[in-house]
$ cat run-v9.txt   # compact mmCIF, N, CA and C atoms and all ligand atoms
# COMPACT_ATOMS: atom_id res chain seq x y z
N MET A 21 -45.27 119.41 129.60
CA MET A 21 -44.23 120.25 129.01
C MET A 21 -44.81 121.04 127.83
N GLU A 22 -44.40 122.30 127.72
CA GLU A 22 -44.96 123.13 126.65
C GLU A 22 -44.46 122.65 125.28
N LYS A 23 -45.34 122.72 124.30
CA LYS A 23 -44.96 122.29 122.96
C LYS A 23 -43.91 123.23 122.37
N THR A 24 -43.02 122.66 121.59
CA THR A 24 -42.09 123.51 120.85
C THR A 24 -42.84 124.16 119.69
N LEU A 25 -42.23 125.21 119.18
CA LEU A 25 -42.78 125.89 118.00
C LEU A 25 -43.06 124.88 116.88
N PHE A 26 -42.12 123.97 116.67
CA PHE A 26 -42.29 123.04 115.56
C PHE A 26 -43.33 121.96 115.87
N GLU A 27 -43.52 121.61 117.15
CA GLU A 27 -44.64 120.72 117.47
C GLU A 27 -45.96 121.40 117.13
N LYS A 28 -46.02 122.70 117.39
CA LYS A 28 -47.26 123.43 117.07
C LYS A 28 -47.50 123.45 115.57
N ILE A 29 -46.43 123.51 114.78
CA ILE A 29 -46.60 123.42 113.32
C ILE A 29 -47.10 122.04 112.95
N CYS A 30 -46.52 121.00 113.56
CA CYS A 30 -46.98 119.62 113.30
C CYS A 30 -48.47 119.48 113.61
N ASP A 31 -48.90 120.10 114.69
CA ASP A 31 -50.28 119.97 115.15
C ASP A 31 -51.20 121.01 114.51
N ARG A 32 -50.68 121.74 113.53
CA ARG A 32 -51.46 122.74 112.78
C ARG A 32 -51.99 123.86 113.69
N GLU A 33 -51.27 124.12 114.77
CA GLU A 33 -51.65 125.24 115.64
C GLU A 33 -51.01 126.53 115.16
N ILE A 34 -49.92 126.39 114.40
CA ILE A 34 -49.25 127.54 113.78
C ILE A 34 -49.16 127.21 112.29
N PRO A 35 -49.48 128.17 111.42
CA PRO A 35 -49.45 127.87 109.98
C PRO A 35 -48.02 127.73 109.45
N ALA A 36 -47.88 126.92 108.45
CA ALA A 36 -46.59 126.76 107.77
C ALA A 36 -46.89 126.31 106.35
N ASP A 37 -45.93 126.57 105.48
CA ASP A 37 -46.06 126.17 104.08
C ASP A 37 -45.45 124.77 103.95
N ILE A 38 -46.29 123.77 104.11
CA ILE A 38 -45.83 122.39 104.19
C ILE A 38 -45.64 121.83 102.78
N VAL A 39 -44.47 121.24 102.54
CA VAL A 39 -44.19 120.67 101.21
C VAL A 39 -44.21 119.15 101.23
N TYR A 40 -44.10 118.55 102.40
CA TYR A 40 -44.10 117.08 102.49
C TYR A 40 -44.47 116.70 103.92
N GLU A 41 -45.19 115.59 104.06
CA GLU A 41 -45.38 115.02 105.39
C GLU A 41 -45.71 113.55 105.27
N ASP A 42 -45.33 112.81 106.30
CA ASP A 42 -45.72 111.41 106.41
C ASP A 42 -45.95 111.12 107.89
N ALA A 43 -46.06 109.86 108.25
CA ALA A 43 -46.41 109.51 109.63
C ALA A 43 -45.35 109.95 110.63
N ASP A 44 -44.10 110.10 110.18
CA ASP A 44 -43.00 110.34 111.12
C ASP A 44 -42.36 111.72 111.01
N CYS A 45 -42.58 112.40 109.92
CA CYS A 45 -41.89 113.69 109.76
C CYS A 45 -42.71 114.65 108.91
N ILE A 46 -42.27 115.89 108.95
CA ILE A 46 -42.96 116.94 108.19
C ILE A 46 -41.90 117.92 107.70
N CYS A 47 -42.13 118.47 106.52
CA CYS A 47 -41.17 119.40 105.92
C CYS A 47 -41.91 120.64 105.46
N PHE A 48 -41.39 121.81 105.84
CA PHE A 48 -42.05 123.06 105.50
C PHE A 48 -41.01 124.13 105.17
N LYS A 49 -41.49 125.21 104.53
CA LYS A 49 -40.57 126.28 104.13
C LYS A 49 -40.12 127.09 105.35
N ASP A 50 -38.82 127.40 105.39
CA ASP A 50 -38.31 128.26 106.46
C ASP A 50 -38.91 129.65 106.32
N ILE A 51 -39.28 130.23 107.45
CA ILE A 51 -39.94 131.55 107.43
C ILE A 51 -38.96 132.66 107.06
N SER A 52 -37.68 132.40 107.22
CA SER A 52 -36.65 133.39 106.91
C SER A 52 -35.59 132.75 106.02
N PRO A 53 -35.93 132.55 104.74
CA PRO A 53 -35.06 131.73 103.88
C PRO A 53 -33.68 132.33 103.67
N GLN A 54 -32.69 131.47 103.76
CA GLN A 54 -31.29 131.87 103.55
C GLN A 54 -30.77 131.45 102.18
N ALA A 55 -31.66 130.93 101.36
CA ALA A 55 -31.31 130.51 100.00
C ALA A 55 -32.64 130.47 99.23
N PRO A 56 -32.57 130.45 97.90
CA PRO A 56 -33.82 130.39 97.13
C PRO A 56 -34.73 129.25 97.54
N VAL A 57 -34.14 128.12 97.89
CA VAL A 57 -34.90 127.02 98.50
C VAL A 57 -34.37 126.83 99.92
N HIS A 58 -35.24 126.94 100.90
CA HIS A 58 -34.83 126.72 102.30
C HIS A 58 -36.00 126.04 103.01
N LEU A 59 -35.82 124.75 103.22
CA LEU A 59 -36.85 123.92 103.86
C LEU A 59 -36.34 123.42 105.20
N LEU A 60 -37.27 123.11 106.08
CA LEU A 60 -36.93 122.49 107.37
C LEU A 60 -37.64 121.14 107.43
N LEU A 61 -36.87 120.11 107.68
CA LEU A 61 -37.42 118.76 107.80
C LEU A 61 -37.30 118.34 109.26
N ILE A 62 -38.42 118.00 109.87
CA ILE A 62 -38.40 117.69 111.31
C ILE A 62 -39.12 116.37 111.59
N PRO A 63 -38.66 115.67 112.62
CA PRO A 63 -39.44 114.51 113.07
C PRO A 63 -40.65 115.00 113.85
N ARG A 64 -41.75 114.27 113.78
CA ARG A 64 -42.89 114.66 114.63
C ARG A 64 -42.52 114.48 116.10
N LYS A 65 -41.70 113.48 116.38
CA LYS A 65 -41.23 113.26 117.75
C LYS A 65 -40.31 114.42 118.14
N PRO A 66 -40.58 115.07 119.26
CA PRO A 66 -39.80 116.26 119.60
C PRO A 66 -38.44 115.94 120.22
N ILE A 67 -37.55 115.33 119.46
CA ILE A 67 -36.16 115.17 119.90
C ILE A 67 -35.55 116.57 119.90
N PRO A 68 -35.01 117.05 121.02
CA PRO A 68 -34.57 118.45 121.06
C PRO A 68 -33.45 118.76 120.08
N ARG A 69 -32.49 117.85 119.97
CA ARG A 69 -31.34 118.12 119.09
C ARG A 69 -30.63 116.80 118.82
N ILE A 70 -29.77 116.78 117.80
CA ILE A 70 -29.20 115.51 117.36
C ILE A 70 -28.40 114.84 118.48
N ALA A 71 -27.75 115.64 119.34
CA ALA A 71 -26.95 115.05 120.42
C ALA A 71 -27.82 114.34 121.45
N GLU A 72 -29.11 114.54 121.39
CA GLU A 72 -30.01 113.87 122.33
C GLU A 72 -30.81 112.75 121.66
N GLY A 73 -30.46 112.44 120.43
CA GLY A 73 -31.06 111.28 119.80
C GLY A 73 -30.52 110.02 120.46
N GLY A 74 -31.36 109.01 120.59
CA GLY A 74 -30.94 107.77 121.24
C GLY A 74 -30.97 106.60 120.27
N LEU A 75 -30.53 105.44 120.78
CA LEU A 75 -30.52 104.25 119.92
C LEU A 75 -31.92 103.94 119.40
N GLY A 76 -32.93 104.24 120.22
CA GLY A 76 -34.31 104.01 119.81
C GLY A 76 -34.75 104.89 118.65
N ASP A 77 -33.94 105.88 118.34
CA ASP A 77 -34.27 106.81 117.25
C ASP A 77 -33.55 106.46 115.94
N GLN A 78 -32.86 105.32 115.93
CA GLN A 78 -32.03 104.99 114.77
C GLN A 78 -32.85 104.95 113.48
N ALA A 79 -33.98 104.25 113.52
CA ALA A 79 -34.79 104.13 112.30
C ALA A 79 -35.35 105.50 111.90
N LEU A 80 -35.78 106.27 112.88
CA LEU A 80 -36.35 107.59 112.59
C LEU A 80 -35.30 108.50 111.96
N LEU A 81 -34.09 108.49 112.51
CA LEU A 81 -33.04 109.37 111.97
C LEU A 81 -32.64 108.94 110.57
N GLY A 82 -32.59 107.63 110.35
CA GLY A 82 -32.33 107.15 108.99
C GLY A 82 -33.43 107.56 108.04
N HIS A 83 -34.66 107.47 108.51
CA HIS A 83 -35.81 107.88 107.69
C HIS A 83 -35.70 109.35 107.32
N LEU A 84 -35.28 110.18 108.28
CA LEU A 84 -35.15 111.62 107.99
C LEU A 84 -34.13 111.86 106.88
N MET A 85 -33.00 111.16 106.94
CA MET A 85 -31.97 111.38 105.92
C MET A 85 -32.47 110.94 104.54
N LEU A 86 -33.09 109.76 104.50
CA LEU A 86 -33.61 109.29 103.21
C LEU A 86 -34.71 110.20 102.69
N THR A 87 -35.52 110.72 103.62
CA THR A 87 -36.61 111.62 103.22
C THR A 87 -36.06 112.95 102.71
N ALA A 88 -34.96 113.41 103.29
CA ALA A 88 -34.34 114.64 102.79
C ALA A 88 -33.95 114.45 101.32
N GLY A 89 -33.38 113.30 100.99
CA GLY A 89 -33.02 113.03 99.60
C GLY A 89 -34.24 112.94 98.70
N LYS A 90 -35.27 112.31 99.21
CA LYS A 90 -36.51 112.19 98.43
C LYS A 90 -37.13 113.56 98.16
N ILE A 91 -37.17 114.39 99.18
CA ILE A 91 -37.72 115.75 99.01
C ILE A 91 -36.87 116.54 98.02
N ALA A 92 -35.56 116.40 98.11
CA ALA A 92 -34.67 117.10 97.17
C ALA A 92 -34.99 116.68 95.74
N ARG A 93 -35.20 115.40 95.53
CA ARG A 93 -35.54 114.95 94.17
C ARG A 93 -36.89 115.53 93.76
N GLU A 94 -37.86 115.45 94.66
CA GLU A 94 -39.20 115.94 94.34
C GLU A 94 -39.22 117.45 94.06
N GLN A 95 -38.37 118.18 94.78
CA GLN A 95 -38.34 119.65 94.62
C GLN A 95 -37.47 120.07 93.44
N GLY A 96 -36.83 119.11 92.79
CA GLY A 96 -36.03 119.42 91.61
C GLY A 96 -34.68 120.05 91.91
N ILE A 97 -34.16 119.82 93.11
CA ILE A 97 -32.87 120.44 93.48
C ILE A 97 -31.75 119.41 93.58
N ALA A 98 -32.07 118.14 93.39
CA ALA A 98 -31.05 117.11 93.58
C ALA A 98 -29.97 117.20 92.50
N GLY A 99 -30.35 117.60 91.29
CA GLY A 99 -29.39 117.63 90.19
C GLY A 99 -28.31 118.69 90.39
N ASP A 100 -28.72 119.93 90.63
CA ASP A 100 -27.74 121.02 90.82
C ASP A 100 -27.06 120.92 92.17
N GLY A 101 -27.73 120.33 93.14
CA GLY A 101 -27.11 120.14 94.46
C GLY A 101 -27.83 120.91 95.55
N PHE A 102 -27.55 120.50 96.74
CA PHE A 102 -28.19 121.12 97.90
C PHE A 102 -27.32 120.86 99.12
N ARG A 103 -27.67 121.50 100.22
CA ARG A 103 -26.92 121.30 101.47
C ARG A 103 -27.89 120.97 102.59
N LEU A 104 -27.51 119.99 103.41
CA LEU A 104 -28.25 119.67 104.63
C LEU A 104 -27.46 120.20 105.81
N VAL A 105 -28.15 120.88 106.73
CA VAL A 105 -27.50 121.46 107.91
C VAL A 105 -28.31 121.12 109.15
N ILE A 106 -27.61 120.68 110.19
CA ILE A 106 -28.24 120.50 111.51
C ILE A 106 -27.44 121.33 112.50
N ASN A 107 -28.07 122.32 113.09
CA ASN A 107 -27.44 123.14 114.12
C ASN A 107 -27.73 122.53 115.48
N ASN A 108 -26.69 122.38 116.29
CA ASN A 108 -26.84 121.76 117.60
C ASN A 108 -26.23 122.66 118.68
N GLY A 109 -27.07 123.17 119.57
CA GLY A 109 -26.58 123.95 120.71
C GLY A 109 -26.16 125.36 120.34
N PRO A 110 -25.74 126.12 121.36
CA PRO A 110 -25.45 127.55 121.15
C PRO A 110 -24.38 127.81 120.10
N ASP A 111 -23.25 127.12 120.16
CA ASP A 111 -22.20 127.37 119.17
C ASP A 111 -22.61 126.91 117.79
N GLY A 112 -23.51 125.95 117.73
CA GLY A 112 -23.98 125.47 116.43
C GLY A 112 -25.02 126.38 115.80
N GLY A 113 -25.52 127.33 116.59
CA GLY A 113 -26.50 128.27 116.05
C GLY A 113 -27.94 127.79 116.16
N GLU A 114 -28.16 126.82 117.05
CA GLU A 114 -29.53 126.30 117.21
C GLU A 114 -30.41 127.33 117.90
N ALA A 115 -31.58 127.60 117.29
CA ALA A 115 -32.54 128.53 117.89
C ALA A 115 -33.81 127.83 118.36
N VAL A 116 -34.20 126.78 117.68
CA VAL A 116 -35.44 126.08 118.03
C VAL A 116 -35.08 124.69 118.55
N PRO A 117 -35.42 124.39 119.81
CA PRO A 117 -35.01 123.11 120.41
C PRO A 117 -35.90 121.94 120.01
N HIS A 118 -35.98 121.72 118.72
CA HIS A 118 -36.71 120.58 118.15
C HIS A 118 -35.91 120.22 116.90
N LEU A 119 -35.33 119.04 116.92
CA LEU A 119 -34.43 118.64 115.83
C LEU A 119 -35.00 119.00 114.47
N HIS A 120 -34.18 119.62 113.65
CA HIS A 120 -34.60 119.96 112.29
C HIS A 120 -33.40 119.93 111.37
N ILE A 121 -33.64 119.47 110.16
CA ILE A 121 -32.62 119.47 109.11
C ILE A 121 -32.96 120.60 108.15
N HIS A 122 -32.03 121.53 108.01
CA HIS A 122 -32.20 122.57 106.98
C HIS A 122 -31.85 121.95 105.63
N ILE A 123 -32.70 122.17 104.65
CA ILE A 123 -32.42 121.77 103.26
C ILE A 123 -32.30 123.07 102.47
N LEU A 124 -31.08 123.35 102.01
CA LEU A 124 -30.78 124.63 101.34
C LEU A 124 -30.35 124.37 99.91
N ALA A 125 -30.85 125.18 98.99
CA ALA A 125 -30.50 124.99 97.58
C ALA A 125 -30.84 126.23 96.78
N GLY A 126 -30.43 126.22 95.52
CA GLY A 126 -30.78 127.30 94.61
C GLY A 126 -29.70 128.34 94.46
N ARG A 127 -28.59 128.17 95.15
CA ARG A 127 -27.42 129.05 94.96
C ARG A 127 -26.17 128.25 95.33
N GLN A 128 -25.01 128.79 94.94
CA GLN A 128 -23.75 128.13 95.30
C GLN A 128 -23.51 128.29 96.80
N MET A 129 -23.37 127.20 97.51
CA MET A 129 -23.07 127.25 98.94
C MET A 129 -21.58 127.52 99.13
N GLN A 130 -21.24 128.17 100.24
CA GLN A 130 -19.85 128.50 100.52
C GLN A 130 -19.27 127.51 101.53
N TRP A 131 -17.96 127.39 101.51
CA TRP A 131 -17.26 126.57 102.49
C TRP A 131 -16.00 127.29 102.93
N PRO A 132 -15.68 127.41 104.20
CA PRO A 132 -16.45 126.86 105.32
C PRO A 132 -17.72 127.66 105.57
N PRO A 133 -18.70 127.03 106.21
CA PRO A 133 -19.94 127.74 106.54
C PRO A 133 -19.65 128.79 107.60
N GLY A 134 -20.44 129.83 107.65
CA GLY A 134 -20.22 130.92 108.60
C GLY A 134 -20.52 130.54 110.02
P1 LIG B 201 -31.97 126.84 113.90
O1 LIG B 201 -31.27 128.16 114.03
O2 LIG B 201 -31.12 125.77 113.28
O3 LIG B 201 -32.61 126.39 115.21
O4 LIG B 201 -33.13 127.07 112.85
C1 LIG B 201 -34.39 127.50 113.20
C2 LIG B 201 -35.05 127.93 111.92
O5 LIG B 201 -36.43 128.01 112.13
C3 LIG B 201 -34.60 129.28 111.39
O6 LIG B 201 -34.03 129.14 110.10
C4 LIG B 201 -35.89 130.10 111.37
O7 LIG B 201 -35.95 131.00 110.28
C5 LIG B 201 -36.93 129.02 111.30
N1 LIG B 201 -38.25 129.37 111.81
C6 LIG B 201 -38.54 129.99 112.97
N2 LIG B 201 -39.88 130.12 113.12
C7 LIG B 201 -40.44 129.56 112.02
C8 LIG B 201 -41.78 129.38 111.58
N3 LIG B 201 -42.84 129.80 112.30
N4 LIG B 201 -42.00 128.77 110.39
C9 LIG B 201 -40.96 128.36 109.64
N5 LIG B 201 -39.66 128.48 110.01
C10 LIG B 201 -39.41 129.08 111.18
$ encode --input "run-v9.txt" --output "structure tokens"
Amino acid sequence: MEKTLFEKICDREIPADIVYEDADCICFKDISPQAPVHLLLIPRKPIPRIAEGGLGDQALLGHLMLTAGKIAREQGIAGDGFRLVINNGPDGGEAVPHLHIHILAGRQMQWPPG
């Protein structure tokens, strides 16, 4: 099966501005930022989208959430606040079929989201 764009970033086949990585996940700057801080946190395992995560992914998904908080603290955005977004499927606005958490910060977020 062909690698997803984000697998290629994990494998350093496509360049990215990486801000964090560990054995299970990697976080890099979004190429088209929608806020002053816009990061993408992805598992190295190519789970296509959150609706396709399985019970075997429980620890990994928990790790991603905790890591999002850790990155927010490290990036200095935890105090003022930030938003985590996961787009799933066409109506959710998903463009890349490799699970990713958007970490957005640096401006007042609106509600409801567009
Ligand atoms: P989504 O619409 O939730 O699937 O989000 C995909 C995100 O990937 C978008 O915010 C894009 O700007 C971002 N993106 C696409 N290609 C790259 C890339 N090569 N490096 C970093 N971010 C990318």
$ atom_distance --input "run-v9.txt" --atom1 "atom N of Asp37 of chain A" --atom2 "atom N of Ala79 of chain A"
26.6 Å
$ atom_distance --input "run-v9.txt" --atom1 "atom CA of Ala71 of chain A" --atom2 "atom N of Phe102 of chain A"
24.3 Å
$ closest_atom_pairs --input "run-v9.txt" --of "chain A" --to "ligand LIG 201 (chain B)" --cutoff "6 Å" --atoms "all atoms listed in the file" --output "JSON lines"
{"residue": "A:Ala36", "atom": "CA", "partner": "B:LIG201", "partner_atom": "N4", "distance": 5.7}
{"residue": "A:Lys49", "atom": "C", "partner": "B:LIG201", "partner_atom": "C9", "distance": 4.6}
{"residue": "A:Asp50", "atom": "CA", "partner": "B:LIG201", "partner_atom": "N5", "distance": 3.8}
{"residue": "A:Ile51", "atom": "N", "partner": "B:LIG201", "partner_atom": "N5", "distance": 3.1}
{"residue": "A:Ser52", "atom": "N", "partner": "B:LIG201", "partner_atom": "O7", "distance": 3.8}
{"residue": "A:Pro53", "atom": "N", "partner": "B:LIG201", "partner_atom": "O7", "distance": 5.8}
{"residue": "A:Ile106", "atom": "C", "partner": "B:LIG201", "partner_atom": "O2", "distance": 5.8}
{"residue": "A:Asn107", "atom": "CA", "partner": "B:LIG201", "partner_atom": "O2", "distance": 4.6}
{"residue": "A:Gly113", "atom": "C", "partner": "B:LIG201", "partner_atom": "O1", "distance": 4.0}
{"residue": "A:Glu114", "atom": "C", "partner": "B:LIG201", "partner_atom": "O3", "distance": 3.6}
{"residue": "A:Ala115", "atom": "N", "partner": "B:LIG201", "partner_atom": "O3", "distance": 2.6}
{"residue": "A:Val116", "atom": "N", "partner": "B:LIG201", "partner_atom": "O3", "distance": 3.0}
{"residue": "A:Pro117", "atom": "N", "partner": "B:LIG201", "partner_atom": "O3", "distance": 5.7}
$ write_last_selection --input "run-v9.txt" --atoms "N, CA and C atoms" --output "PDB file, in the frame of the given file"
ATOM      1  N   ALA A  36     -47.880 126.920 108.450  1.00  0.00           N
ATOM      2  CA  ALA A  36     -46.590 126.760 107.770  1.00  0.00           C
ATOM      3  C   ALA A  36     -46.890 126.310 106.350  1.00  0.00           C
ATOM      4  N   LYS A  49     -41.490 125.210 104.530  1.00  0.00           N
ATOM      5  CA  LYS A  49     -40.570 126.280 104.130  1.00  0.00           C
ATOM      6  C   LYS A  49     -40.120 127.090 105.350  1.00  0.00           C
ATOM      7  N   ASP A  50     -38.820 127.400 105.390  1.00  0.00           N
ATOM      8  CA  ASP A  50     -38.310 128.260 106.460  1.00  0.00           C
ATOM      9  C   ASP A  50     -38.910 129.650 106.320  1.00  0.00           C
ATOM     10  N   ILE A  51     -39.280 130.230 107.450  1.00  0.00           N
ATOM     11  CA  ILE A  51     -39.940 131.550 107.430  1.00  0.00           C
ATOM     12  C   ILE A  51     -38.960 132.660 107.060  1.00  0.00           C
ATOM     13  N   SER A  52     -37.680 132.400 107.220  1.00  0.00           N
ATOM     14  CA  SER A  52     -36.650 133.390 106.910  1.00  0.00           C
ATOM     15  C   SER A  52     -35.590 132.750 106.020  1.00  0.00           C
ATOM     16  N   PRO A  53     -35.930 132.550 104.740  1.00  0.00           N
ATOM     17  CA  PRO A  53     -35.060 131.730 103.880  1.00  0.00           C
ATOM     18  C   PRO A  53     -33.680 132.330 103.670  1.00  0.00           C
ATOM     19  N   ILE A 106     -27.610 120.680 110.190  1.00  0.00           N
ATOM     20  CA  ILE A 106     -28.240 120.500 111.510  1.00  0.00           C
ATOM     21  C   ILE A 106     -27.440 121.330 112.500  1.00  0.00           C
ATOM     22  N   ASN A 107     -28.070 122.320 113.090  1.00  0.00           N
ATOM     23  CA  ASN A 107     -27.440 123.140 114.120  1.00  0.00           C
ATOM     24  C   ASN A 107     -27.730 122.530 115.480  1.00  0.00           C
ATOM     25  N   GLY A 113     -25.520 127.330 116.590  1.00  0.00           N
ATOM     26  CA  GLY A 113     -26.500 128.270 116.050  1.00  0.00           C
ATOM     27  C   GLY A 113     -27.940 127.790 116.160  1.00  0.00           C
ATOM     28  N   GLU A 114     -28.160 126.820 117.050  1.00  0.00           N
ATOM     29  CA  GLU A 114     -29.530 126.300 117.210  1.00  0.00           C
ATOM     30  C   GLU A 114     -30.410 127.330 117.900  1.00  0.00           C
ATOM     31  N   ALA A 115     -31.580 127.600 117.290  1.00  0.00           N
ATOM     32  CA  ALA A 115     -32.540 128.530 117.890  1.00  0.00           C
ATOM     33  C   ALA A 115     -33.810 127.830 118.360  1.00  0.00           C
ATOM     34  N   VAL A 116     -34.200 126.780 117.680  1.00  0.00           N
ATOM     35  CA  VAL A 116     -35.440 126.080 118.030  1.00  0.00           C
ATOM     36  C   VAL A 116     -35.080 124.690 118.550  1.00  0.00           C
ATOM     37  N   PRO A 117     -35.420 124.390 119.810  1.00  0.00           N
ATOM     38  CA  PRO A 117     -35.010 123.110 120.410  1.00  0.00           C
ATOM     39  C   PRO A 117     -35.900 121.940 120.010  1.00  0.00           C
TER      40      PRO A 117
END
$ residues_around --input "run-v9.txt" --residues "segment 54-58 of chain A" --least-positions-apart "6" --cutoff "8 Å" --atoms "only N, CA and C atoms" --output "NGL selection string"
:A and (48 or 122-127)
$ residues_near_point --input "run-v9.txt" --point "(-38.8, 112.5, 109.5)" --cutoff "6 Å" --atoms "all atoms listed in the file" --output "number ranges by chain"
A: 44-46, 62-64, 80, 83-84
$ atom_distance --input "run-v9.txt" --atom1 "atom CA of Pro68 of chain A" --atom2 "atom CA of His118 of chain A"
4.2 Å
$ select_by_dssp --input "run-v9.txt" --residues "segment 30-90 of chain A" --states "strand (DSSP E or B)" --output "ChimeraX atom specification"
/A:38-41,45-49,57-63
